[in-house]
>>> print(open('query_38.cif').read())   # mmCIF, C-alpha atoms and all ligand atoms
data_model
loop_
_atom_site.label_atom_id
_atom_site.label_comp_id
_atom_site.auth_asym_id
_atom_site.auth_seq_id
_atom_site.Cartn_x
_atom_site.Cartn_y
_atom_site.Cartn_z
CA MET A 1 19.89 -35.49 32.07
CA SER A 2 22.82 -33.21 31.34
CA MET A 3 22.22 -30.72 28.57
CA PRO A 4 24.85 -29.51 26.14
CA PRO A 5 25.96 -25.97 27.02
CA VAL A 6 24.63 -23.04 25.02
CA LEU A 7 27.47 -21.75 22.84
CA ASP A 8 29.18 -18.53 23.76
CA ARG A 9 27.44 -16.69 20.99
CA VAL A 10 25.73 -13.39 21.76
CA LEU A 11 22.11 -14.01 20.80
CA LEU A 12 19.53 -11.50 19.62
CA SER A 13 16.89 -12.03 22.28
CA PRO A 14 17.44 -15.12 24.46
CA PRO A 15 14.87 -16.00 27.15
CA ASP A 16 15.42 -14.22 30.47
CA VAL A 17 14.35 -16.79 33.06
CA GLY A 18 15.80 -17.67 36.44
CA ALA A 19 15.09 -18.52 40.04
CA ARG A 20 11.63 -16.94 40.26
CA GLU A 21 10.38 -18.81 37.18
CA GLU A 22 11.80 -22.07 38.58
CA GLU A 23 10.06 -21.48 41.90
CA MET A 24 6.71 -20.83 40.21
CA VAL A 25 6.94 -23.91 37.97
CA VAL A 26 7.76 -26.08 40.98
CA ALA A 27 4.74 -24.60 42.78
CA ALA A 28 2.55 -25.40 39.76
CA VAL A 29 3.83 -28.99 39.58
CA ARG A 30 3.27 -29.52 43.30
CA SER A 31 -0.24 -28.08 43.06
CA GLY A 32 -1.21 -30.87 40.67
CA TRP A 33 -2.50 -28.41 38.05
CA ILE A 34 -0.56 -29.64 35.03
CA ALA A 35 -3.16 -29.53 32.26
CA PRO A 36 -4.06 -26.58 30.06
CA LEU A 37 -6.30 -25.18 32.75
CA GLY A 38 -5.82 -24.21 36.37
CA PRO A 39 -5.60 -21.34 38.85
CA MET A 40 -2.36 -19.96 37.41
CA VAL A 41 -3.90 -19.70 33.94
CA ASP A 42 -6.80 -17.74 35.46
CA GLU A 43 -4.49 -15.47 37.41
CA PHE A 44 -2.19 -14.92 34.45
CA GLU A 45 -5.19 -13.87 32.35
CA ALA A 46 -6.51 -11.50 35.01
CA ARG A 47 -3.15 -9.83 35.55
CA MET A 48 -2.40 -9.48 31.86
CA ALA A 49 -5.86 -8.05 31.12
CA ALA A 50 -5.27 -5.46 33.86
CA ARG A 51 -1.78 -4.65 32.62
CA CYS A 52 -3.06 -4.10 29.07
CA GLY A 53 -6.23 -2.26 30.06
CA ARG A 54 -8.56 -4.91 28.66
CA GLY A 55 -11.74 -6.45 29.97
CA HIS A 56 -10.82 -10.01 29.00
CA ALA A 57 -7.75 -12.13 28.26
CA VAL A 58 -7.60 -15.70 26.95
CA ALA A 59 -4.28 -17.53 27.46
CA LEU A 60 -3.33 -19.62 24.43
CA SER A 61 -0.52 -21.80 23.16
CA SER A 62 0.89 -19.09 20.88
CA GLY A 63 0.45 -15.59 19.55
CA THR A 64 -0.38 -17.12 16.18
CA ALA A 65 -3.29 -18.99 17.79
CA ALA A 66 -4.54 -15.69 19.26
CA LEU A 67 -4.48 -14.04 15.83
CA HIS A 68 -6.19 -17.08 14.27
CA LEU A 69 -9.07 -17.16 16.77
CA ALA A 70 -9.56 -13.38 16.73
CA LEU A 71 -9.77 -13.39 12.93
CA LEU A 72 -12.17 -16.35 12.89
CA GLU A 73 -14.45 -14.60 15.38
CA LEU A 74 -14.47 -11.41 13.31
CA GLY A 75 -15.64 -13.33 10.28
CA ALA A 76 -12.43 -13.90 8.29
CA GLY A 77 -12.88 -16.89 6.01
CA PRO A 78 -13.10 -17.99 2.39
CA GLY A 79 -14.25 -15.15 0.15
CA SER A 80 -12.85 -12.39 2.34
CA VAL A 81 -9.50 -10.64 2.58
CA VAL A 82 -7.55 -9.38 5.59
CA VAL A 83 -5.19 -6.42 5.30
CA VAL A 84 -1.76 -7.10 6.80
CA PRO A 85 1.39 -4.95 6.76
CA THR A 86 3.97 -6.45 4.43
CA LEU A 87 6.76 -5.73 6.94
CA THR A 88 6.06 -8.32 9.63
CA PHE A 89 6.87 -11.83 10.78
CA ALA A 90 5.12 -14.51 8.71
CA ALA A 91 2.83 -15.53 11.59
CA THR A 92 0.61 -12.46 11.00
CA ALA A 93 -0.12 -13.52 7.42
CA ASN A 94 -0.19 -17.25 8.18
CA ALA A 95 -3.02 -16.75 10.68
CA VAL A 96 -5.06 -15.11 7.92
CA VAL A 97 -4.50 -18.09 5.61
CA TYR A 98 -5.55 -20.55 8.38
CA THR A 99 -9.03 -18.97 8.34
CA GLY A 100 -9.38 -19.43 4.57
CA ALA A 101 -9.20 -15.67 3.96
CA THR A 102 -6.60 -14.09 1.67
CA PRO A 103 -3.99 -11.62 2.95
CA VAL A 104 -3.62 -8.30 1.14
CA PHE A 105 -0.33 -6.60 1.95
CA VAL A 106 0.13 -2.88 2.59
CA ASP A 107 3.45 -1.08 2.92
CA CYS A 108 4.81 0.77 5.93
CA ASP A 109 5.88 4.22 6.99
CA GLU A 110 9.65 4.06 6.50
CA ARG A 111 10.42 5.98 9.70
CA THR A 112 8.51 3.64 12.04
CA GLY A 113 8.22 0.46 9.98
CA ASN A 114 4.50 0.37 10.85
CA LEU A 115 1.43 0.26 8.61
CA ASP A 116 1.21 3.44 6.51
CA PRO A 117 -2.20 5.03 7.35
CA GLY A 118 -2.51 6.96 4.08
CA LEU A 119 -1.77 3.87 2.04
CA LEU A 120 -4.20 1.80 4.14
CA ASP A 121 -6.91 4.37 3.43
CA HIS A 122 -6.18 4.06 -0.29
CA ALA A 123 -6.17 0.24 -0.15
CA LEU A 124 -9.52 0.09 1.69
CA GLU A 125 -10.97 2.54 -0.83
CA VAL A 126 -9.84 0.40 -3.77
CA LEU A 127 -10.98 -2.86 -2.18
CA GLY A 128 -14.33 -1.33 -1.21
CA LYS A 129 -15.00 0.04 -4.69
CA GLU A 130 -14.46 -3.35 -6.29
CA GLY A 131 -16.73 -5.02 -3.75
CA THR A 132 -14.09 -7.09 -1.96
CA ARG A 133 -15.13 -8.05 1.57
CA VAL A 134 -12.43 -6.95 4.03
CA ALA A 135 -12.90 -8.96 7.25
CA ALA A 136 -10.22 -7.19 9.29
CA VAL A 137 -7.09 -5.06 9.33
CA VAL A 138 -4.17 -6.38 11.40
CA PRO A 139 -1.71 -3.58 12.26
CA VAL A 140 1.59 -4.88 13.68
CA ASP A 141 3.50 -3.09 16.46
CA LEU A 142 6.88 -3.58 14.80
CA LEU A 143 9.81 -4.38 17.12
CA GLY A 144 7.87 -2.90 20.04
CA ARG A 145 6.73 0.41 18.50
CA CYS A 146 2.95 0.67 18.54
CA ALA A 147 1.34 1.23 15.17
CA ASP A 148 -0.23 4.65 14.67
CA TYR A 149 -3.66 3.67 16.03
CA ALA A 150 -4.76 7.30 16.39
CA ALA A 151 -4.63 7.47 12.59
CA LEU A 152 -5.50 3.84 11.75
CA LEU A 153 -8.60 3.31 13.92
CA PRO A 154 -10.70 6.15 12.42
CA ILE A 155 -9.82 4.98 8.90
CA CYS A 156 -10.89 1.40 9.66
CA ALA A 157 -14.04 2.66 11.40
CA ARG A 158 -14.93 4.75 8.35
CA PHE A 159 -14.82 1.60 6.18
CA GLY A 160 -16.55 -0.49 8.88
CA VAL A 161 -13.61 -2.88 9.16
CA PRO A 162 -12.61 -4.28 12.59
CA VAL A 163 -9.00 -4.10 13.82
CA VAL A 164 -7.01 -6.96 15.30
CA ALA A 165 -3.81 -5.53 16.79
CA ASP A 166 -0.78 -7.79 16.43
CA ALA A 167 0.94 -6.79 19.67
CA ALA A 168 3.17 -9.89 19.70
CA GLU A 169 6.27 -7.68 19.90
CA SER A 170 4.97 -4.72 21.88
CA LEU A 171 3.89 -5.78 25.38
CA GLY A 172 4.76 -2.92 27.73
CA ALA A 173 4.80 -0.24 25.02
CA ARG A 174 2.25 2.57 24.88
CA SER A 175 0.71 4.74 22.20
CA ALA A 176 -0.99 8.03 22.99
CA GLY A 177 -1.21 6.94 26.62
CA ALA A 178 -2.85 3.58 25.83
CA PRO A 179 -1.03 0.32 26.57
CA ALA A 180 -0.04 -1.98 23.70
CA GLY A 181 -2.74 -4.60 23.27
CA SER A 182 -5.55 -2.20 24.18
CA PRO A 183 -6.56 -0.88 20.72
CA GLY A 184 -8.84 -2.73 18.34
CA ALA A 185 -11.67 -5.26 18.62
CA ALA A 186 -9.02 -7.75 19.75
CA ALA A 187 -5.26 -7.94 20.14
CA ALA A 188 -2.71 -10.75 20.21
CA LEU A 189 0.29 -11.06 22.52
CA SER A 190 3.11 -13.59 22.13
CA PHE A 191 5.17 -15.23 24.87
CA ASN A 192 7.49 -17.06 22.51
CA GLY A 193 11.04 -17.63 23.77
CA ASN A 194 12.46 -14.58 21.98
CA LYS A 195 9.79 -12.07 22.98
CA ILE A 196 9.89 -9.38 25.65
CA MET A 197 8.60 -11.93 28.17
CA THR A 198 8.17 -15.63 27.65
CA THR A 199 6.28 -18.71 28.76
CA SER A 200 8.68 -20.73 26.52
CA GLY A 201 5.84 -20.68 24.01
CA GLY A 202 2.47 -19.07 24.48
CA GLY A 203 0.21 -16.21 23.60
CA MET A 204 -2.88 -14.32 24.63
CA LEU A 205 -5.98 -12.91 23.03
CA LEU A 206 -7.10 -9.59 24.53
CA THR A 207 -10.50 -8.02 24.04
CA ASP A 208 -13.17 -5.94 25.77
CA ASP A 209 -15.90 -8.10 24.22
CA ALA A 210 -17.03 -10.78 26.69
CA GLY A 211 -18.73 -12.75 23.92
CA LEU A 212 -15.61 -12.82 21.77
CA ALA A 213 -13.50 -13.94 24.75
CA ALA A 214 -15.95 -16.72 25.60
CA ARG A 215 -16.04 -17.92 21.99
CA ALA A 216 -12.23 -17.90 21.79
CA ARG A 217 -12.00 -19.91 25.01
CA TYR A 218 -14.52 -22.40 23.62
CA LEU A 219 -12.80 -22.77 20.23
CA SER A 220 -9.39 -23.11 21.92
CA THR A 221 -10.56 -26.16 23.90
CA GLN A 222 -11.81 -28.26 20.98
CA ALA A 223 -15.25 -26.62 20.83
CA ARG A 224 -16.82 -28.99 23.36
CA GLN A 225 -20.49 -28.46 24.07
CA PRO A 226 -21.40 -28.89 27.76
CA ALA A 227 -22.46 -32.53 27.57
CA ALA A 228 -20.85 -35.50 29.33
CA HIS A 229 -20.16 -37.16 25.98
CA TYR A 230 -18.66 -33.98 24.45
CA GLU A 231 -21.10 -32.88 21.77
CA HIS A 232 -19.45 -31.01 18.88
CA THR A 233 -21.30 -28.63 16.60
CA GLU A 234 -18.26 -26.96 15.03
CA ILE A 235 -14.53 -27.44 14.49
CA GLY A 236 -12.39 -26.54 17.49
CA TYR A 237 -8.68 -26.19 18.20
CA ASN A 238 -6.28 -27.35 20.88
CA TYR A 239 -4.90 -23.91 21.66
CA ARG A 240 -5.15 -23.47 25.45
CA LEU A 241 -2.08 -22.53 27.54
CA SER A 242 -0.87 -25.05 30.11
CA ASN A 243 -0.95 -24.16 33.81
CA LEU A 244 2.80 -24.96 34.01
CA LEU A 245 3.53 -22.34 31.37
CA ALA A 246 1.20 -19.84 33.01
CA ALA A 247 3.41 -20.24 36.12
CA VAL A 248 6.40 -19.07 34.04
CA GLY A 249 4.26 -16.23 32.70
CA LEU A 250 3.30 -15.02 36.20
CA ALA A 251 6.95 -14.94 37.25
CA GLN A 252 7.91 -13.09 34.05
CA LEU A 253 5.11 -10.58 34.54
CA GLU A 254 6.47 -9.73 38.01
CA ARG A 255 9.80 -8.94 36.33
CA LEU A 256 8.42 -7.27 33.21
CA ASP A 257 9.25 -3.68 34.16
CA GLU A 258 12.78 -4.61 35.11
CA MET A 259 13.22 -6.46 31.79
CA LEU A 260 11.79 -3.49 29.86
CA GLY A 261 14.29 -1.23 31.62
CA ARG A 262 17.17 -3.45 30.63
CA ARG A 263 16.13 -3.46 26.94
CA ARG A 264 15.88 0.31 26.98
CA ALA A 265 19.34 0.62 28.53
CA ILE A 266 20.71 -1.54 25.68
CA ARG A 267 18.98 0.76 23.16
CA GLU A 268 20.58 3.79 24.85
CA THR A 269 24.03 2.16 24.69
CA TYR A 270 23.78 1.57 20.94
CA ALA A 271 22.27 5.01 20.34
CA ALA A 272 25.10 6.71 22.24
CA LEU A 273 27.70 4.77 20.26
CA LEU A 274 26.09 5.60 16.90
CA ALA A 275 25.20 9.24 17.67
CA GLY A 276 26.63 11.42 14.93
CA VAL A 277 28.01 8.48 12.91
CA ALA A 278 26.98 9.28 9.33
CA GLY A 279 25.04 6.55 7.52
CA PHE A 280 24.13 4.61 10.68
CA GLU A 281 20.83 5.39 12.31
CA VAL A 282 19.11 3.68 15.21
CA PHE A 283 15.77 2.57 13.76
CA GLN A 284 12.61 3.99 15.41
CA ARG A 285 14.80 6.23 17.59
CA ASP A 286 12.65 9.23 16.85
CA GLY A 287 10.03 9.46 19.61
CA ASP A 288 10.82 6.08 21.15
CA ALA A 289 9.93 7.02 24.76
CA ASP A 290 6.76 4.87 24.63
CA ASP A 291 8.33 1.88 22.83
CA ASN A 292 9.28 -1.31 24.65
CA CYS A 293 12.64 -1.55 22.79
CA TRP A 294 12.06 -5.27 22.12
CA LEU A 295 14.68 -5.25 19.37
CA THR A 296 16.98 -2.38 18.54
CA ALA A 297 17.86 -2.17 14.86
CA VAL A 298 20.29 0.00 12.96
CA VAL A 299 19.59 1.29 9.46
CA VAL A 300 22.70 1.38 7.29
CA ASP A 301 22.65 3.82 4.38
CA PRO A 302 25.04 2.43 1.76
CA GLU A 303 25.04 5.70 -0.15
CA VAL A 304 26.58 7.49 2.81
CA THR A 305 28.85 4.81 4.29
CA GLU A 306 29.73 2.59 1.33
CA ARG A 307 28.95 -0.26 3.69
CA THR A 308 25.88 -2.42 3.63
CA ALA A 309 23.62 -4.05 6.17
CA ALA A 310 24.83 -7.42 4.90
CA ASP A 311 28.44 -6.40 5.64
CA LEU A 312 27.41 -5.57 9.20
CA VAL A 313 25.70 -8.95 9.67
CA SER A 314 28.90 -10.66 8.41
CA ALA A 315 31.10 -8.63 10.77
CA MET A 316 28.84 -9.54 13.70
CA ASP A 317 28.82 -13.17 12.70
CA ALA A 318 32.63 -13.27 12.54
CA ALA A 319 32.65 -12.10 16.18
CA ALA A 320 30.08 -14.75 17.22
CA VAL A 321 27.34 -12.14 17.56
CA GLU A 322 23.88 -12.87 16.20
CA SER A 323 22.26 -10.10 14.16
CA ARG A 324 19.57 -10.26 11.50
CA PRO A 325 18.14 -8.25 8.65
CA LEU A 326 14.74 -6.72 9.41
CA TRP A 327 11.76 -8.90 8.43
CA LYS A 328 11.71 -9.81 4.76
CA PRO A 329 8.49 -8.24 3.43
CA MET A 330 5.68 -10.75 2.98
CA HIS A 331 5.02 -9.77 -0.64
CA LEU A 332 8.61 -10.82 -1.45
CA GLN A 333 8.26 -14.22 0.23
CA PRO A 334 8.00 -17.14 -2.18
CA VAL A 335 5.02 -18.54 -0.27
CA PHE A 336 3.05 -15.33 -0.85
CA ALA A 337 4.17 -14.80 -4.46
CA GLY A 338 1.33 -13.39 -6.52
CA SER A 339 -0.44 -11.88 -3.49
CA ARG A 340 -1.99 -8.50 -3.79
CA VAL A 341 0.19 -5.69 -2.43
CA PHE A 342 -0.03 -1.92 -2.07
CA ALA A 343 3.69 -1.08 -1.96
CA THR A 344 5.75 2.10 -1.90
CA GLY A 345 9.12 0.35 -1.56
CA ALA A 346 9.55 1.42 2.10
CA ALA A 347 9.46 -2.11 3.55
CA GLU A 348 11.80 -3.38 0.88
CA ARG A 349 14.33 -0.61 1.63
CA LEU A 350 14.13 -1.34 5.36
CA PHE A 351 14.69 -5.03 4.62
CA GLN A 352 17.80 -4.16 2.60
CA ARG A 353 19.19 -1.64 5.08
CA GLY A 354 18.00 -2.68 8.54
CA VAL A 355 19.92 -4.93 10.95
CA THR A 356 18.53 -5.99 14.33
CA LEU A 357 21.12 -6.14 17.10
CA PRO A 358 21.27 -8.22 20.29
CA SER A 359 18.67 -6.63 22.58
CA GLY A 360 17.61 -9.28 25.09
CA SER A 361 17.25 -8.40 28.76
CA ALA A 362 19.28 -11.49 29.72
CA LEU A 363 22.38 -10.25 27.88
CA SER A 364 25.25 -9.28 30.18
CA ALA A 365 27.15 -6.00 30.07
CA GLY A 366 30.11 -7.99 28.73
CA GLN A 367 28.04 -9.38 25.88
CA ILE A 368 26.68 -5.95 24.94
CA GLY A 369 30.29 -4.74 25.11
CA ARG A 370 31.21 -7.34 22.50
CA VAL A 371 28.46 -6.07 20.18
CA CYS A 372 29.63 -2.49 20.73
CA ALA A 373 33.22 -3.42 19.90
CA VAL A 374 32.10 -4.81 16.51
CA LEU A 375 29.94 -1.74 15.88
CA GLU A 376 32.77 0.58 16.79
CA GLU A 377 35.23 -1.11 14.47
CA PHE A 378 32.67 -1.38 11.67
CA THR A 379 31.74 2.30 11.81
CA ALA A 380 35.33 3.58 12.21
CA ASP A 381 36.69 5.88 9.44
C1 LIG B 401 6.24 -13.61 17.34
C2 LIG B 401 5.24 -12.99 16.47
C3 LIG B 401 4.01 -13.60 16.20
C4 LIG B 401 3.68 -15.00 16.60
O1 LIG B 401 3.78 -15.31 17.91
P1 LIG B 401 4.00 -16.84 18.34
O2 LIG B 401 3.72 -16.81 19.79
O3 LIG B 401 5.42 -17.18 18.03
O4 LIG B 401 3.03 -17.67 17.58
C5 LIG B 401 3.06 -12.91 15.47
N1 LIG B 401 3.31 -11.70 14.97
C6 LIG B 401 4.49 -11.08 15.18
C7 LIG B 401 4.69 -9.72 14.61
C8 LIG B 401 5.50 -11.70 15.91
O5 LIG B 401 6.68 -11.10 16.07
#
>>> encode(input="query_38.cif", output="structure tokens")
Amino acid sequence: MSMPPVLDRVLLSPPDVGAREEEMVVAAVRSGWIAPLGPMVDEFEARMAARCGRGHAVALSSGTAALHLALLELGAGPGSVVVVPTLTFAATANAVVYTGATPVFVDCDERTGNLDPGLLDHALEVLGKEGTRVAAVVPVDLLGRCADYAALLPICARFGVPVVADAAESLGARSAGAPAGSPGAAAALSFNGNKIMTTSGGGMLLTDDAGLAARARYLSTQARQPAAHYEHTEIGYNYRLSNLLAAVGLAQLERLDEMLGRRRAIRETYAALLAGVAGFEVFQRDGDADDNCWLTAVVVDPEVTERTAADLVSAMDAAAVESRPLWKPMHLQPVFAGSRVFATGAAERLFQRGVTLPSGSALSAGQIGRVCAVLEEFTAD
């Protein structure tokens, strides 16, 4: 079958797959292991657990599935709440709703875009005093910058609330020497097509708790009891990753460091271009040595430049370059209208001022040059 060509538009974060991925998929097909189990799934789990410094990894069909199962296992359900940063992709909050629990949104530190530890402390205090059961806190490693776990973990421990780290965007990053995905009772990775590495779609649950890993594996395969007729004592899910997709994941993992390097080089290119340009700041630039640079964003200050983030998105669009505002805060989403929120306005300001730029490791020097040309013209005078 001949496929229509992908348009000559510079995309934000297109998948970076090639000959090695093709070779591994062919090997998987020829091996006969096509189903959502097989030796490549096992190997992918072992390698990813090692890479992230975890005892156990469970390969799943998405990062959302990993969040869902981790939250279920930690007791999220009807009658409880889960604290989620308001500045995130909807999947973080959706996973909470799948369990029957209610998300409570907390604002971010405006410099990093990550969960504000002081505000989290306040929120847990308020929720505790009124007797609300908090099943978990889900910090998000926004755009590949790890949340401030050194501050967050002791706060959560003090209130006796477990942490599920949403590391969907941060594979390869580090915080205080620890790899992304290593903090918390469990963590979720995503291998969606736009992430730092992809299996086309996929995810992984990481934990050091063997029991939690075993339970997640069981729930992800329809909760089948070991009987020939498949006895079921609870509701399961069809969440396991296919061996074919694990083949793509193994090839991507071999290339991960090279892909991380490419994303960082793109960050450096934008940062050099915008250095000293008043009113345009590379987001999360401060102390970004440990970040994975999944997406590089620029924060436009309309009071300094008389230009807005929306103007920048329009200019990019006119040049066939994809760019996007930062995540729209969850407490401003129609679907979460009326949700409880502890807000300072930081996430809302970042939403109004932040623009994510093409950052994918598959982008050519020519394509990045096209983005730079738009940036240069937009920031001139
Ligand atoms: C991508 C993403 C997810 C969901 O991952 P999927 O694999 O697409 O289900 C969850 N949280 C954040 C912050 C993400 O960026």
>>> closest_residue(input="query_38.cif", among="A:His122, A:Arg262, A:Arg370, A:Arg255", to="A:Val83", atoms="all atoms listed in the file")
A:His122
>>> residues_near_ligand(input="query_38.cif", ligand="ligand LIG 401 (chain B)", cutoff="9 Å", atoms="all atoms listed in the file", output="JSON, numbers by chain")
{"A": [60, 61, 62, 63, 64, 65, 66, 67, 87, 88, 89, 90, 91, 92, 93, 95, 140, 141, 142, 143, 166, 167, 168, 169, 170, 188, 189, 190, 191, 192, 193, 194, 195, 201, 202, 203, 204]}
>>> closest_atom_pairs(input="query_38.cif", of="stretch 122-181 of chain A", to="stretch 206-223 of chain A", cutoff="12 Å", atoms="all atoms listed in the file", output="tab-separated table")
residue	atom	partner	partner_atom	distance
A:Val163	CA	A:Thr207	CA	11.0
A:Val164	CA	A:Thr207	CA	9.5
A:Ala165	CA	A:Leu206	CA	9.3
A:Asp166	CA	A:Leu206	CA	10.4
A:Ala167	CA	A:Leu206	CA	9.8
A:Ala168	CA	A:Leu206	CA	11.4
A:Leu171	CA	A:Leu206	CA	11.7
A:Pro179	CA	A:Leu206	CA	11.8
A:Ala180	CA	A:Leu206	CA	10.4
A:Gly181	CA	A:Leu206	CA	6.7
>>> axis_aligned_box(input="query_38.cif", around="stretch 115-121 of chain A", padding_each_side="6 Å", output="AutoDock Vina command-line options")
--center_x -2.7 --center_y 3.6 --center_z 5.3 --size_x 20.3 --size_y 18.7 --size_z 18.6
>>> atom_distance(input="query_38.cif", atom1="atom CA of A:Pro183", atom2="atom CA of A:His56")
13.0 Å
>>> closest_residue(input="query_38.cif", among="A:Tyr98, A:Cys52, A:Val304, A:Glu73", to="A:Ala178", atoms="only C-alpha atoms")
A:Cys52
>>> closest_residue(input="query_38.cif", among="A:Phe342, A:Phe44, A:Phe378, A:Phe351", to="A:Ser314", atoms="all atoms listed in the file")
A:Phe378
>>> atom_distance(input="query_38.cif", atom1="atom CA of A:Tyr239", atom2="atom CA of A:Leu72")
13.7 Å
>>> atom_distance(input="query_38.cif", atom1="atom CA of A:Phe283", atom2="atom CA of A:Pro325")
12.2 Å
>>> closest_residue(input="query_38.cif", among="A:Arg133, A:Arg267, A:His229, A:Arg145", to="A:Leu115", atoms="all atoms listed in the file")
A:Arg145
>>> residues_around(input="query_38.cif", residues="A:Thr269", least_positions_apart="3", cutoff="12 Å", atoms="all atoms listed in the file", output="tab-separated table (two decimals) with C-alpha atoms, keeping the file's coordinate frame")
chain	number	residue	atom	x	y	z
A	262	ARG	CA	17.17	-3.45	30.63
A	263	ARG	CA	16.13	-3.46	26.94
A	264	ARG	CA	15.88	0.31	26.98
A	265	ALA	CA	19.34	0.62	28.53
A	266	ILE	CA	20.71	-1.54	25.68
A	272	ALA	CA	25.10	6.71	22.24
A	273	LEU	CA	27.70	4.77	20.26
A	274	LEU	CA	26.09	5.60	16.90
A	275	ALA	CA	25.20	9.24	17.67
A	282	VAL	CA	19.11	3.68	15.21
A	296	THR	CA	16.98	-2.38	18.54
A	357	LEU	CA	21.12	-6.14	17.10
A	358	PRO	CA	21.27	-8.22	20.29
A	359	SER	CA	18.67	-6.63	22.58
A	365	ALA	CA	27.15	-6.00	30.07
A	368	ILE	CA	26.68	-5.95	24.94
A	369	GLY	CA	30.29	-4.74	25.11
A	371	VAL	CA	28.46	-6.07	20.18
A	372	CYS	CA	29.63	-2.49	20.73
A	373	ALA	CA	33.22	-3.42	19.90
A	375	LEU	CA	29.94	-1.74	15.88
A	376	GLU	CA	32.77	0.58	16.79
>>> residues_near_point(input="query_38.cif", point="(25.7, -6.1, 9.4)", cutoff="10 Å", atoms="all atoms listed in the file", output="list in words")
Val298, Val299, Val300, Arg307, Thr308, Ala309, Ala310, Asp311, Leu312, Val313, Ser314, Ala315, Met316, Asp317, Glu322, Ser323, Arg324, Pro325, Arg353, Gly354, Val355, Thr356, Leu357, Val374, Leu375 and Phe378 of chain A
>>> closest_residue(input="query_38.cif", among="A:Gly172, A:Pro334, A:Gly276, A:Pro226", to="A:Leu253", atoms="all atoms listed in the file")
A:Gly172
>>> residues_around(input="query_38.cif", residues="stretch 157-162 of chain A", least_positions_apart="5", cutoff="12 Å", atoms="all atoms listed in the file", output="PyMOL selection string")
chain A and resi 70-71+73-76+80-83+120-129+132-139+149-152+183-187
>>> closest_residue(input="query_38.cif", among="A:Met197, A:Ala278, A:Met330, A:Leu256", to="A:Pro15", atoms="all atoms listed in the file")
A:Met197
>>> decode(input="query_38.cif", residues="stretch 14-27 of chain A", atoms="N, CA and C atoms", output="PDB file, in the first residue's frame")
ATOM      1  N   PRO A  14       8.173  14.843  15.991  1.00  0.00           N
ATOM      2  CA  PRO A  14       7.790  13.648  15.228  1.00  0.00           C
ATOM      3  C   PRO A  14       8.604  12.438  15.675  1.00  0.00           C
ATOM      4  N   PRO A  15       8.068  11.226  15.472  1.00  0.00           N
ATOM      5  CA  PRO A  15       8.804  10.019  15.855  1.00  0.00           C
ATOM      6  C   PRO A  15      10.135   9.939  15.108  1.00  0.00           C
ATOM      7  N   ASP A  16      11.144   9.418  15.793  1.00  0.00           N
ATOM      8  CA  ASP A  16      12.493   9.303  15.239  1.00  0.00           C
ATOM      9  C   ASP A  16      12.802   7.816  15.094  1.00  0.00           C
ATOM     10  N   VAL A  17      12.303   7.210  14.029  1.00  0.00           N
ATOM     11  CA  VAL A  17      12.506   5.767  13.838  1.00  0.00           C
ATOM     12  C   VAL A  17      13.115   5.506  12.459  1.00  0.00           C
ATOM     13  N   GLY A  18      13.900   4.458  12.365  1.00  0.00           N
ATOM     14  CA  GLY A  18      14.579   4.185  11.103  1.00  0.00           C
ATOM     15  C   GLY A  18      14.944   2.721  10.948  1.00  0.00           C
ATOM     16  N   ALA A  19      16.119   2.502  10.390  1.00  0.00           N
ATOM     17  CA  ALA A  19      16.534   1.159   9.985  1.00  0.00           C
ATOM     18  C   ALA A  19      16.600   0.181  11.162  1.00  0.00           C
ATOM     19  N   ARG A  20      17.114   0.644  12.296  1.00  0.00           N
ATOM     20  CA  ARG A  20      17.280  -0.263  13.441  1.00  0.00           C
ATOM     21  C   ARG A  20      15.912  -0.734  13.960  1.00  0.00           C
ATOM     22  N   GLU A  21      14.951   0.177  14.013  1.00  0.00           N
ATOM     23  CA  GLU A  21      13.606  -0.174  14.472  1.00  0.00           C
ATOM     24  C   GLU A  21      12.981  -1.197  13.505  1.00  0.00           C
ATOM     25  N   GLU A  22      13.175  -0.931  12.198  1.00  0.00           N
ATOM     26  CA  GLU A  22      12.632  -1.831  11.176  1.00  0.00           C
ATOM     27  C   GLU A  22      13.200  -3.243  11.350  1.00  0.00           C
ATOM     28  N   GLU A  23      14.519  -3.296  11.544  1.00  0.00           N
ATOM     29  CA  GLU A  23      15.211  -4.569  11.717  1.00  0.00           C
ATOM     30  C   GLU A  23      14.648  -5.342  12.924  1.00  0.00           C
ATOM     31  N   MET A  24      14.434  -4.622  14.023  1.00  0.00           N
ATOM     32  CA  MET A  24      13.952  -5.273  15.246  1.00  0.00           C
ATOM     33  C   MET A  24      12.512  -5.753  15.093  1.00  0.00           C
ATOM     34  N   VAL A  25      11.670  -4.975  14.402  1.00  0.00           N
ATOM     35  CA  VAL A  25      10.281  -5.400  14.193  1.00  0.00           C
ATOM     36  C   VAL A  25      10.257  -6.642  13.318  1.00  0.00           C
ATOM     37  N   VAL A  26      11.070  -6.649  12.276  1.00  0.00           N
ATOM     38  CA  VAL A  26      11.132  -7.823  11.397  1.00  0.00           C
ATOM     39  C   VAL A  26      11.564  -9.047  12.210  1.00  0.00           C
ATOM     40  N   ALA A  27      12.558  -8.859  13.076  1.00  0.00           N
ATOM     41  CA  ALA A  27      13.018  -9.971  13.916  1.00  0.00           C
ATOM     42  C   ALA A  27      11.886 -10.468  14.813  1.00  0.00           C
TER      43      ALA A  27
END
